[in-house]
file coords07.cif (mmCIF, C-alpha atoms and all ligand atoms)
data_structure
loop_
_atom_site.group_PDB
_atom_site.id
_atom_site.type_symbol
_atom_site.label_atom_id
_atom_site.label_comp_id
_atom_site.auth_asym_id
_atom_site.auth_seq_id
_atom_site.Cartn_x
_atom_site.Cartn_y
_atom_site.Cartn_z
ATOM 1 C CA MET Q 769 -42.143 -12.441 -26.033
ATOM 2 C CA GLN Q 770 -41.688 -11.488 -22.394
ATOM 3 C CA THR Q 771 -38.134 -11.722 -21.030
ATOM 4 C CA GLN Q 772 -37.878 -12.839 -17.425
ATOM 5 C CA THR Q 773 -35.359 -10.962 -15.305
ATOM 6 C CA LYS Q 774 -33.400 -13.400 -13.196
ATOM 7 C CA THR Q 775 -32.789 -12.610 -9.544
ATOM 8 C CA LYS Q 776 -29.083 -12.548 -8.712
ATOM 9 C CA ILE Q 777 -28.050 -14.582 -5.690
ATOM 10 C CA LEU Q 778 -24.534 -14.632 -4.243
ATOM 11 C CA ILE Q 779 -23.254 -17.750 -2.455
ATOM 12 C CA LEU Q 780 -20.140 -17.299 -0.327
ATOM 13 C CA GLY Q 781 -18.805 -20.819 -0.657
ATOM 14 C CA GLY Q 782 -15.784 -23.077 -0.491
ATOM 15 C CA THR Q 783 -17.658 -25.758 1.455
ATOM 16 C CA THR Q 784 -19.656 -28.909 0.785
ATOM 17 C CA GLU Q 785 -22.796 -26.938 1.631
ATOM 18 C CA GLY Q 786 -21.871 -24.168 -0.804
ATOM 19 C CA TYR Q 787 -21.461 -26.636 -3.687
ATOM 20 C CA ALA Q 788 -24.693 -28.451 -2.831
ATOM 21 C CA LEU Q 789 -26.646 -25.207 -2.631
ATOM 22 C CA ALA Q 790 -25.271 -24.071 -5.994
ATOM 23 C CA ASP Q 791 -26.296 -27.417 -7.523
ATOM 24 C CA ALA Q 792 -29.826 -26.969 -6.202
ATOM 25 C CA LEU Q 793 -30.319 -23.299 -7.046
ATOM 26 C CA THR Q 794 -29.002 -23.479 -10.596
ATOM 27 C CA THR Q 795 -31.990 -25.662 -11.474
ATOM 28 C CA ARG Q 796 -34.256 -22.660 -10.847
ATOM 29 C CA ALA Q 797 -35.118 -20.637 -13.920
ATOM 30 C CA ASP Q 798 -35.833 -17.508 -11.863
ATOM 31 C CA LEU Q 799 -32.362 -17.286 -10.299
ATOM 32 C CA ARG Q 800 -28.893 -16.367 -11.498
ATOM 33 C CA VAL Q 801 -26.399 -17.965 -9.128
ATOM 34 C CA ILE Q 802 -22.994 -16.404 -8.528
ATOM 35 C CA ASN Q 803 -20.538 -18.265 -6.315
ATOM 36 C CA SER Q 804 -17.654 -16.615 -4.547
ATOM 37 C CA LEU Q 805 -14.487 -18.538 -3.653
ATOM 38 C CA ALA Q 806 -11.599 -17.113 -1.653
ATOM 39 C CA GLY Q 807 -8.961 -18.367 -4.090
ATOM 40 C CA ARG Q 808 -6.836 -20.221 -1.551
ATOM 41 C CA THR Q 809 -6.217 -23.179 -3.895
ATOM 42 C CA ASP Q 810 -4.748 -23.036 -7.398
ATOM 43 C CA HIS Q 811 -7.302 -25.205 -9.183
ATOM 44 C CA PRO Q 812 -10.504 -25.147 -7.132
ATOM 45 C CA ARG Q 813 -13.448 -27.306 -8.053
ATOM 46 C CA LEU Q 814 -15.882 -24.898 -9.714
ATOM 47 C CA PRO Q 815 -19.451 -24.845 -8.395
ATOM 48 C CA ALA Q 816 -22.550 -24.892 -10.595
ATOM 49 C CA GLY Q 817 -23.495 -21.467 -11.908
ATOM 50 C CA GLU Q 818 -21.080 -18.569 -12.259
ATOM 51 C CA THR Q 819 -17.984 -18.169 -10.126
ATOM 52 C CA ARG Q 820 -15.897 -15.206 -9.059
ATOM 53 C CA ILE Q 821 -12.635 -15.786 -7.179
ATOM 54 C CA GLY Q 822 -10.781 -13.667 -4.609
ATOM 55 C CA GLY Q 823 -11.514 -11.321 -1.719
ATOM 56 C CA PHE Q 824 -13.849 -8.354 -2.022
ATOM 57 C CA GLY Q 825 -11.665 -5.944 -0.078
ATOM 58 C CA GLY Q 826 -13.386 -6.126 3.304
ATOM 59 C CA ALA Q 827 -16.985 -5.326 4.188
ATOM 60 C CA ALA Q 828 -16.954 -2.055 2.232
ATOM 61 C CA GLY Q 829 -15.678 -3.851 -0.871
ATOM 62 C CA LEU Q 830 -18.401 -6.458 -0.527
ATOM 63 C CA ALA Q 831 -21.085 -3.762 -0.145
ATOM 64 C CA ASP Q 832 -19.830 -2.087 -3.333
ATOM 65 C CA TYR Q 833 -19.846 -5.412 -5.167
ATOM 66 C CA LEU Q 834 -23.413 -6.183 -4.077
ATOM 67 C CA ARG Q 835 -24.653 -2.808 -5.279
ATOM 68 C CA GLU Q 836 -22.723 -2.873 -8.562
ATOM 69 C CA GLN Q 837 -23.853 -6.402 -9.417
ATOM 70 C CA GLY Q 838 -27.440 -5.911 -8.284
ATOM 71 C CA ILE Q 839 -27.282 -8.903 -5.914
ATOM 72 C CA ARG Q 840 -30.674 -9.460 -4.255
ATOM 73 C CA ALA Q 841 -29.734 -11.964 -1.562
ATOM 74 C CA VAL Q 842 -26.566 -13.465 -0.095
ATOM 75 C CA ILE Q 843 -26.089 -16.879 1.465
ATOM 76 C CA ASP Q 844 -22.955 -17.196 3.558
ATOM 77 C CA ALA Q 845 -22.051 -20.871 3.254
ATOM 78 C CA THR Q 846 -18.403 -20.407 4.227
ATOM 79 C CA HIS Q 847 -16.698 -22.804 6.618
ATOM 80 C CA PRO Q 848 -17.512 -22.392 10.328
ATOM 81 C CA PHE Q 849 -13.894 -21.331 10.896
ATOM 82 C CA ALA Q 850 -13.943 -18.686 8.148
ATOM 83 C CA ALA Q 851 -15.271 -16.150 10.628
ATOM 84 C CA GLY Q 852 -13.572 -13.125 9.063
ATOM 85 C CA MET Q 853 -15.680 -13.574 5.945
ATOM 86 C CA GLY Q 854 -18.723 -14.102 8.145
ATOM 87 C CA TRP Q 855 -18.346 -10.762 9.905
ATOM 88 C CA ASN Q 856 -17.618 -8.990 6.616
ATOM 89 C CA ALA Q 857 -20.694 -10.554 5.049
ATOM 90 C CA ALA Q 858 -22.898 -9.288 7.876
ATOM 91 C CA GLU Q 859 -21.528 -5.758 7.665
ATOM 92 C CA GLY Q 860 -21.402 -5.623 3.857
ATOM 93 C CA CYS Q 861 -24.983 -6.831 3.527
ATOM 94 C CA ARG Q 862 -26.152 -4.405 6.216
ATOM 95 C CA VAL Q 863 -24.538 -1.472 4.404
ATOM 96 C CA ALA Q 864 -25.926 -2.531 1.017
ATOM 97 C CA ALA Q 865 -29.314 -3.484 2.537
ATOM 98 C CA VAL Q 866 -29.197 -6.991 1.035
ATOM 99 C CA PRO Q 867 -30.802 -9.922 2.927
ATOM 100 C CA LEU Q 868 -28.262 -12.407 4.290
ATOM 101 C CA LEU Q 869 -28.673 -16.011 5.408
ATOM 102 C CA ARG Q 870 -26.024 -18.120 7.097
ATOM 103 C CA LEU Q 871 -25.909 -21.756 5.943
ATOM 104 C CA GLU Q 872 -23.929 -23.679 8.535
ATOM 105 C CA ARG Q 873 -23.686 -27.342 9.446
ATOM 106 C CA PRO Q 874 -24.184 -28.031 13.164
ATOM 107 C CA ALA Q 875 -21.115 -28.422 15.353
ATOM 108 C CA TRP Q 876 -20.147 -31.857 16.661
ATOM 109 C CA SER Q 877 -21.023 -32.600 20.288
ATOM 110 C CA ALA Q 878 -19.254 -35.015 22.622
ATOM 111 C CA VAL Q 879 -21.107 -38.211 23.500
ATOM 112 C CA PRO Q 880 -20.433 -40.666 26.326
ATOM 113 C CA GLY Q 881 -17.053 -42.302 25.860
ATOM 114 C CA ASP Q 882 -15.461 -39.318 24.174
ATOM 115 C CA ARG Q 883 -12.266 -37.934 25.711
ATOM 116 C CA TRP Q 884 -12.522 -34.430 24.307
ATOM 117 C CA GLU Q 885 -10.695 -31.384 25.573
ATOM 118 C CA SER Q 886 -12.106 -28.214 24.031
ATOM 119 C CA VAL Q 887 -9.845 -25.280 23.329
ATOM 120 C CA ALA Q 888 -10.553 -21.807 21.993
ATOM 121 C CA ASP Q 889 -7.398 -21.444 19.898
ATOM 122 C CA TRP Q 890 -4.223 -23.255 18.861
ATOM 123 C CA ALA Q 891 -2.240 -21.797 21.764
ATOM 124 C CA GLY Q 892 -4.693 -23.590 24.030
ATOM 125 C CA ALA Q 893 -4.224 -26.797 22.030
ATOM 126 C CA VAL Q 894 -0.436 -26.562 22.360
ATOM 127 C CA ALA Q 895 -0.689 -26.021 26.132
ATOM 128 C CA THR Q 896 -3.079 -28.967 26.420
ATOM 129 C CA LEU Q 897 -0.756 -31.197 24.387
ATOM 130 C CA ILE Q 898 2.260 -30.321 26.533
ATOM 131 C CA GLY Q 899 0.354 -30.980 29.740
ATOM 132 C CA GLY Q 900 -1.230 -34.229 28.653
ATOM 133 C CA GLY Q 901 1.575 -36.625 27.847
ATOM 134 C CA SER Q 902 0.743 -37.030 24.148
ATOM 135 C CA ARG Q 903 3.443 -38.688 22.027
ATOM 136 C CA ARG Q 904 1.902 -39.516 18.635
ATOM 137 C CA VAL Q 905 -0.590 -36.975 17.336
ATOM 138 C CA LEU Q 906 -2.844 -36.865 14.290
ATOM 139 C CA LEU Q 907 -2.830 -33.167 13.404
ATOM 140 C CA ALA Q 908 -5.854 -32.335 11.254
ATOM 141 C CA VAL Q 909 -6.025 -28.563 11.536
ATOM 142 C CA GLY Q 910 -5.570 -27.374 7.957
ATOM 143 C CA ARG Q 911 -2.342 -26.770 6.078
ATOM 144 C CA GLN Q 912 -2.190 -23.080 6.948
ATOM 145 C CA GLU Q 913 -2.429 -23.516 10.705
ATOM 146 C CA LEU Q 914 0.464 -25.858 11.448
ATOM 147 C CA ALA Q 915 3.077 -23.409 12.741
ATOM 148 C CA PRO Q 916 1.961 -23.313 16.419
ATOM 149 C CA PHE Q 917 2.703 -27.053 16.702
ATOM 150 C CA ALA Q 918 6.115 -27.144 15.014
ATOM 151 C CA GLY Q 919 8.047 -26.347 18.200
ATOM 152 C CA LEU Q 920 6.791 -29.402 20.126
ATOM 153 C CA ASP Q 921 9.873 -31.564 19.781
ATOM 154 C CA ALA Q 922 8.734 -34.308 22.183
ATOM 155 C CA ILE Q 923 5.801 -35.205 19.917
ATOM 156 C CA TRP Q 924 5.650 -37.078 16.604
ATOM 157 C CA PHE Q 925 2.991 -35.594 14.312
ATOM 158 C CA LEU Q 926 1.047 -37.207 11.513
ATOM 159 C CA ILE Q 927 0.086 -34.063 9.596
ATOM 160 C CA ARG Q 928 -2.988 -34.639 7.445
ATOM 161 C CA ALA Q 929 -3.755 -32.031 4.799
ATOM 162 C CA VAL Q 930 -5.618 -31.870 1.487
ATOM 163 C CA THR Q 931 -2.821 -30.077 -0.335
ATOM 164 C CA PRO Q 932 0.859 -29.678 0.558
ATOM 165 C CA PRO Q 933 1.591 -26.992 3.159
ATOM 166 C CA ASP Q 934 3.758 -24.318 1.560
ATOM 167 C CA PRO Q 935 5.968 -23.881 3.393
ATOM 168 C CA LEU Q 936 5.797 -26.852 5.736
ATOM 169 C CA PRO Q 937 6.970 -25.578 9.149
ATOM 170 C CA PRO Q 938 10.079 -27.427 10.420
ATOM 171 C CA PHE Q 939 8.568 -30.203 12.532
ATOM 172 C CA PRO Q 940 11.367 -32.103 14.371
ATOM 173 C CA ALA Q 941 9.482 -35.390 13.995
ATOM 174 C CA GLY Q 942 6.552 -36.258 11.854
ATOM 175 C CA GLU Q 943 5.114 -37.301 8.544
ATOM 176 C CA LEU Q 944 2.902 -35.557 6.005
ATOM 177 C CA LEU Q 945 -0.192 -37.421 4.833
ATOM 178 C CA LEU Q 946 -1.966 -35.838 1.861
ATOM 179 C CA ALA Q 947 -5.576 -36.961 1.791
ATOM 180 C CA ARG Q 948 -8.953 -35.476 0.924
ATOM 181 C CA GLY Q 949 -12.121 -36.492 2.737
ATOM 182 C CA PRO Q 950 -14.638 -37.940 3.102
ATOM 183 C CA PHE Q 951 -12.903 -40.431 5.403
ATOM 184 C CA ASP Q 952 -14.686 -43.645 6.331
ATOM 185 C CA LEU Q 953 -14.648 -45.358 9.694
ATOM 186 C CA GLY Q 954 -12.644 -48.372 8.572
ATOM 187 C CA GLY Q 955 -9.923 -46.191 7.150
ATOM 188 C CA GLU Q 956 -9.783 -44.001 10.238
ATOM 189 C CA ARG Q 957 -9.580 -47.020 12.555
ATOM 190 C CA ALA Q 958 -6.709 -48.435 10.506
ATOM 191 C CA LEU Q 959 -4.899 -45.107 10.441
ATOM 192 C CA LEU Q 960 -5.070 -44.628 14.215
ATOM 193 C CA ASP Q 961 -3.961 -48.216 14.849
ATOM 194 C CA ASP Q 962 -1.188 -48.395 12.225
ATOM 195 C CA GLN Q 963 0.321 -45.109 13.341
ATOM 196 C CA ALA Q 964 -0.215 -45.777 17.085
ATOM 197 C CA ILE Q 965 -1.934 -42.403 17.443
ATOM 198 C CA ASP Q 966 -2.663 -41.391 21.054
ATOM 199 C CA THR Q 967 -4.178 -37.939 20.400
ATOM 200 C CA ILE Q 968 -6.071 -36.117 17.659
ATOM 201 C CA VAL Q 969 -5.998 -32.347 17.268
ATOM 202 C CA CYS Q 970 -8.739 -30.947 15.049
ATOM 203 C CA LYS Q 971 -11.355 -28.242 14.580
ATOM 204 C CA ASN Q 972 -15.017 -28.624 15.456
ATOM 205 C CA SER Q 973 -15.912 -28.434 11.775
ATOM 206 C CA GLY Q 974 -19.064 -30.534 12.018
ATOM 207 C CA GLY Q 975 -20.506 -32.530 9.116
ATOM 208 C CA GLU Q 976 -20.189 -36.138 8.005
ATOM 209 C CA ALA Q 977 -17.088 -36.050 5.842
ATOM 210 C CA THR Q 978 -14.521 -35.893 8.638
ATOM 211 C CA ALA Q 979 -16.492 -37.200 11.635
ATOM 212 C CA ALA Q 980 -15.295 -40.822 11.481
ATOM 213 C CA LYS Q 981 -12.001 -40.021 13.191
ATOM 214 C CA LEU Q 982 -13.977 -39.004 16.289
ATOM 215 C CA THR Q 983 -15.831 -42.318 16.363
ATOM 216 C CA ALA Q 984 -12.591 -44.243 15.923
ATOM 217 C CA ALA Q 985 -10.989 -42.170 18.694
ATOM 218 C CA ARG Q 986 -13.920 -42.881 21.042
ATOM 219 C CA GLU Q 987 -13.670 -46.629 20.401
ATOM 220 C CA ARG Q 988 -9.974 -46.540 21.310
ATOM 221 C CA GLY Q 989 -10.144 -44.122 24.235
ATOM 222 C CA ILE Q 990 -7.931 -41.695 22.329
ATOM 223 C CA ARG Q 991 -7.919 -38.083 23.488
ATOM 224 C CA VAL Q 992 -9.212 -35.428 21.115
ATOM 225 C CA ILE Q 993 -8.152 -31.823 21.480
ATOM 226 C CA ILE Q 994 -10.835 -29.966 19.613
ATOM 227 C CA ARG Q 995 -10.862 -26.286 18.743
ATOM 228 C CA GLU Q 996 -14.309 -24.804 19.142
ATOM 229 C CA ARG Q 997 -15.764 -22.486 16.533
ATOM 230 C CA PRO Q 998 -15.017 -18.792 16.493
ATOM 231 C CA ALA Q 999 -17.827 -16.337 17.188
ATOM 232 C CA ARG Q 1000 -19.955 -15.240 14.263
ATOM 233 C CA PRO Q 1001 -22.584 -12.536 13.943
ATOM 234 C CA ALA Q 1002 -26.151 -13.389 14.955
ATOM 235 C CA LEU Q 1003 -28.011 -14.039 11.702
ATOM 236 C CA PRO Q 1004 -30.929 -16.000 10.316
ATOM 237 C CA THR Q 1005 -29.362 -19.444 9.949
ATOM 238 C CA ALA Q 1006 -30.139 -22.594 7.995
ATOM 239 C CA THR Q 1007 -28.456 -25.897 8.784
ATOM 240 C CA THR Q 1008 -29.441 -27.644 5.555
ATOM 241 C CA VAL Q 1009 -29.605 -26.775 1.882
ATOM 242 C CA ALA Q 1010 -33.376 -27.379 1.961
ATOM 243 C CA GLU Q 1011 -33.798 -24.767 4.693
ATOM 244 C CA ALA Q 1012 -31.705 -22.302 2.706
ATOM 245 C CA ILE Q 1013 -33.868 -22.846 -0.367
ATOM 246 C CA ALA Q 1014 -36.994 -22.280 1.720
ATOM 247 C CA TRP Q 1015 -35.546 -18.974 2.926
ATOM 248 C CA LEU Q 1016 -35.235 -17.884 -0.706
ATOM 249 C CA SER Q 1017 -38.973 -17.657 -0.989
ATOM 250 C CA PRO Q 1018 -40.901 -14.452 -1.641
ATOM 251 C CA ALA Q 1019 -41.866 -14.342 2.041
ATOM 252 C CA SER Q 1020 -38.245 -14.095 3.205
ATOM 253 C CA VAL Q 1021 -36.550 -12.354 0.331
ATOM 254 C CA PRO Q 1022 -38.532 -9.944 -1.852
ATOM 255 C CA LEU Q 1023 -37.854 -11.680 -5.159
ATOM 256 C CA PRO Q 1024 -39.308 -9.861 -8.179
HETATM 257 P P1 LIG Q 1101 -11.476 -15.966 6.472
HETATM 258 O O1 LIG Q 1101 -10.243 -15.969 7.308
HETATM 259 O O2 LIG Q 1101 -12.773 -15.816 7.163
HETATM 260 O O3 LIG Q 1101 -11.436 -14.826 5.374
HETATM 261 C C1 LIG Q 1101 -10.324 -13.969 5.176
HETATM 262 C C2 LIG Q 1101 -10.590 -13.174 3.917
HETATM 263 O O4 LIG Q 1101 -10.582 -14.023 2.768
HETATM 264 C C3 LIG Q 1101 -11.956 -12.519 3.895
HETATM 265 O O5 LIG Q 1101 -11.970 -11.299 4.623
HETATM 266 C C4 LIG Q 1101 -12.132 -12.320 2.394
HETATM 267 O O6 LIG Q 1101 -11.288 -11.289 1.903
HETATM 268 C C5 LIG Q 1101 -11.556 -13.591 1.844
HETATM 269 N N1 LIG Q 1101 -12.591 -14.651 1.699
HETATM 270 C C6 LIG Q 1101 -12.862 -15.682 2.525
HETATM 271 N N2 LIG Q 1101 -13.816 -16.469 2.025
HETATM 272 C C7 LIG Q 1101 -14.165 -15.906 0.840
HETATM 273 C C8 LIG Q 1101 -15.097 -16.245 -0.173
HETATM 274 N N3 LIG Q 1101 -15.871 -17.363 -0.095
HETATM 275 N N4 LIG Q 1101 -15.192 -15.424 -1.261
HETATM 276 C C9 LIG Q 1101 -14.411 -14.329 -1.370
HETATM 277 N N5 LIG Q 1101 -13.504 -13.952 -0.456
HETATM 278 C C10 LIG Q 1101 -13.383 -14.748 0.637
HETATM 279 O O7 LIG Q 1101 -11.512 -17.266 5.557
HETATM 280 P P2 LIG Q 1101 -10.587 -18.594 5.568
HETATM 281 O O8 LIG Q 1101 -10.765 -19.270 6.887
HETATM 282 O O9 LIG Q 1101 -9.234 -18.241 5.082
HETATM 283 O O10 LIG Q 1101 -11.365 -19.466 4.466
HETATM 284 C C11 LIG Q 1101 -11.241 -19.144 3.097
HETATM 285 C C12 LIG Q 1101 -12.188 -19.999 2.294
HETATM 286 O O11 LIG Q 1101 -11.878 -21.380 2.522
HETATM 287 C C13 LIG Q 1101 -13.657 -19.797 2.648
HETATM 288 O O12 LIG Q 1101 -14.384 -19.702 1.443
HETATM 289 C C14 LIG Q 1101 -14.032 -21.054 3.428
HETATM 290 O O13 LIG Q 1101 -15.364 -21.440 3.206
HETATM 291 C C15 LIG Q 1101 -13.050 -22.075 2.902
HETATM 292 N N6 LIG Q 1101 -12.661 -23.059 3.926
HETATM 293 C C16 LIG Q 1101 -12.116 -22.657 5.096
HETATM 294 C C17 LIG Q 1101 -11.791 -23.607 6.063
HETATM 295 C C18 LIG Q 1101 -11.203 -23.201 7.387
HETATM 296 O O14 LIG Q 1101 -10.955 -24.096 8.236
HETATM 297 N N7 LIG Q 1101 -11.009 -21.918 7.673
HETATM 298 C C19 LIG Q 1101 -12.015 -24.976 5.796
HETATM 299 C C20 LIG Q 1101 -12.577 -25.349 4.578
HETATM 300 C C21 LIG Q 1101 -12.895 -24.381 3.647
HETATM 301 P P3 LIG Q 1101 -11.790 -9.759 1.712
HETATM 302 O O15 LIG Q 1101 -11.795 -9.169 3.097
HETATM 303 O O16 LIG Q 1101 -10.761 -9.172 0.806
HETATM 304 O O17 LIG Q 1101 -13.148 -9.803 1.095
#

call {"tool": "encode", "arguments": {"input": "coords07.cif", "output": "C-alpha cells", "more": "lines below"}}
Ligand code: NAP
result
Amino acid sequence: MQTQTKTKILILGGTTEGYALADALTTRADLRVINSLAGRTDHPRLPAGETRIGGFGGAAGLADYLREQGIRAVIDATHPFAAGMGWNAAEGCRVAAVPLLRLERPAWSAVPGDRWESVADWAGAVATLIGGGSRRVLLAVGRQELAPFAGLDAIWFLIRAVTPPDPLPPFPAGELLLARGPFDLGGERALLDDQAIDTIVCKNSGGEATAAKLTAARERGIRVIIRERPARPALPTATTVAEAIAWLSPASVPLP
C-alpha cells in the first residue's frame, strides 16, 4: 500500500481568520496543519489540527523551526496589529526559503457621518483626547495597552477587555467591562447610551466582530479616535480564507 506524505503547513494564528483557515485546511487529506499561538492567554481556544504555543525566538528561531519541521508553506494570519510577528515571519521565511502568504482582513474605512480621528499610536490618541473635550470614553484597545491612558484624570473610562488586565493600571476614574465579541448593534447602542459615552478609542482591526460600535457611534455623532495599522512587509496577501486556500495550490506553492 502506498503511504501518502502529507505536506506540512504552518498557520501563524490567534485570530478569527486563523481558526477558520485551520478548520478548512484540516479537511484536506494531503495537508498536515500546524497552528502557532503566541501564548498570551492561559487557556486559549485550540484550533483544528496540531498546535504549538509560544514565540520562536525571532526571525532566526522561526527559520530554524521551519527547516527542522520541514514546513512547506506558512500563512501569517496574525492580527493586523501583531506587526512584530509579521516582520519576523517575512524574514524567517526568506531565510528558510519557505513560501509565505499573509491572510489579513481589510481595514475599516470611514463613511459619511463618521467622526473619526486617525492616529498612528497611543501617544497620538492621548493628545487627541486631551485636545478634544472628551469626558466619557469607551476604551477598546486591548488589555495590554491601557497604560498610556491611565494618567488622564479628567476622563472617565469604560475599559472593555476580553480578559482582566494584569495589572490594571491605576485609572483615577473608570470601570472595567469584561466582554468577548462578537458585539451586535443593539448591544453597542445600549452600551453607548447607558454609559453616556462621548468618545471611543480603538484600533482599526477590521472585520465584523467588533464593527458595530462604529455604526452605533456614527448614529450618535460620537467621536472615534482610531489607531491605524502598523506597517507590515509587502507580501502576497489574501483577504479571505477562500483566497488563502487557493494560494495553497500547486501553482503557488510547490506541493509534492
Ligand atoms: P507581536 O507583538 O507582533 O509579536 C511579539 C512576539 O510574540 C513575536 O516576535 C513572537 O515571538 C511572538 N508571537 C506573536 N504571535 C505569535 C504566534 N502566532 N505564534 C508564535 N509566536 C508569536 O504580537 P502581539 O501583538 O503581541 O500578538 C500576539 C498574538 O495575539 C498574535 O498571535 C495575534 O494574532 C494575537 N492577537 C493580537 C492582537 C493585537 O491587537 N495585537 C489582537 C488579537 C489577537 P518570537 O519573536 O519569540 O518568535

call {"tool": "resolve_selection", "arguments": {"input": "coords07.cif", "expression": "the PyMOL selection byres (((chain Q and resi 873) around 6) and not hetatm)", "output": "number ranges by chain"}}
result
Q: 872, 874, 1007

call {"tool": "closest_atom_pairs", "arguments": {"input": "coords07.cif", "of": "chain Q", "to": "ligand LIG 1101 (chain Q)", "cutoff": "6 Å", "atoms": "all atoms listed in the file", "output": "CSV"}}
result
residue,atom,partner,partner_atom,distance
Q:Leu780,CA,Q:LIG1101,N3,4.3
Q:Gly781,CA,Q:LIG1101,N3,4.6
Q:Gly782,CA,Q:LIG1101,O13,4.1
Q:Thr783,CA,Q:LIG1101,O13,5.2
Q:Ser804,CA,Q:LIG1101,N4,4.3
Q:Leu805,CA,Q:LIG1101,N4,4.0
Q:Ala806,CA,Q:LIG1101,C10,3.7
Q:Gly822,CA,Q:LIG1101,C9,4.9
Q:Gly823,CA,Q:LIG1101,O16,3.4
Q:Phe824,CA,Q:LIG1101,O17,3.5
Q:Gly825,CA,Q:LIG1101,O16,3.5
Q:Gly826,CA,Q:LIG1101,O15,3.4
Q:Thr846,CA,Q:LIG1101,O13,3.4
Q:His847,CA,Q:LIG1101,O13,3.9
Q:Phe849,CA,Q:LIG1101,N7,4.4
Q:Ala850,CA,Q:LIG1101,O2,3.3
Q:Ala851,CA,Q:LIG1101,O2,4.3
Q:Gly852,CA,Q:LIG1101,O2,3.4
Q:Met853,CA,Q:LIG1101,O2,3.9

call {"tool": "atom_distance", "arguments": {"input": "coords07.cif", "atom1": "CA of Asn803 (chain Q)", "atom2": "CA of Ile779 (chain Q)"}}
result
4.7 Å

call {"tool": "residues_around", "arguments": {"input": "coords07.cif", "residues": "Ala878 (chain Q)", "least_positions_apart": "3", "cutoff": "12 Å", "atoms": "all atoms listed in the file", "output": "list in words"}}
result
Ala875, Gly881, Asp882, Arg883, Trp884, Glu885, Ser886, Asn972, Gly974, Ala979, Leu982, Thr983, Ala985, Arg986, Arg991, Val992, Ile993, Ile994 and Glu996 of chain Q

call {"tool": "closest_residue", "arguments": {"input": "coords07.cif", "among": "Q:Val866, Q:Ala831, Q:Ala858, Q:Leu778", "to": "Ala1002 (chain Q)", "atoms": "all atoms listed in the file"}}
result
Q:Ala858

call {"tool": "closest_residue", "arguments": {"input": "coords07.cif", "among": "Q:Pro1001, Q:Gly942, Q:Gly901, Q:Gly807", "to": "Thr967 (chain Q)", "atoms": "only C-alpha atoms"}}
result
Q:Gly901

call {"tool": "closest_residue", "arguments": {"input": "coords07.cif", "among": "Q:Leu920, Q:Ala964, Q:Leu869, Q:Leu914", "to": "Thr896 (chain Q)", "atoms": "all atoms listed in the file"}}
result
Q:Leu920
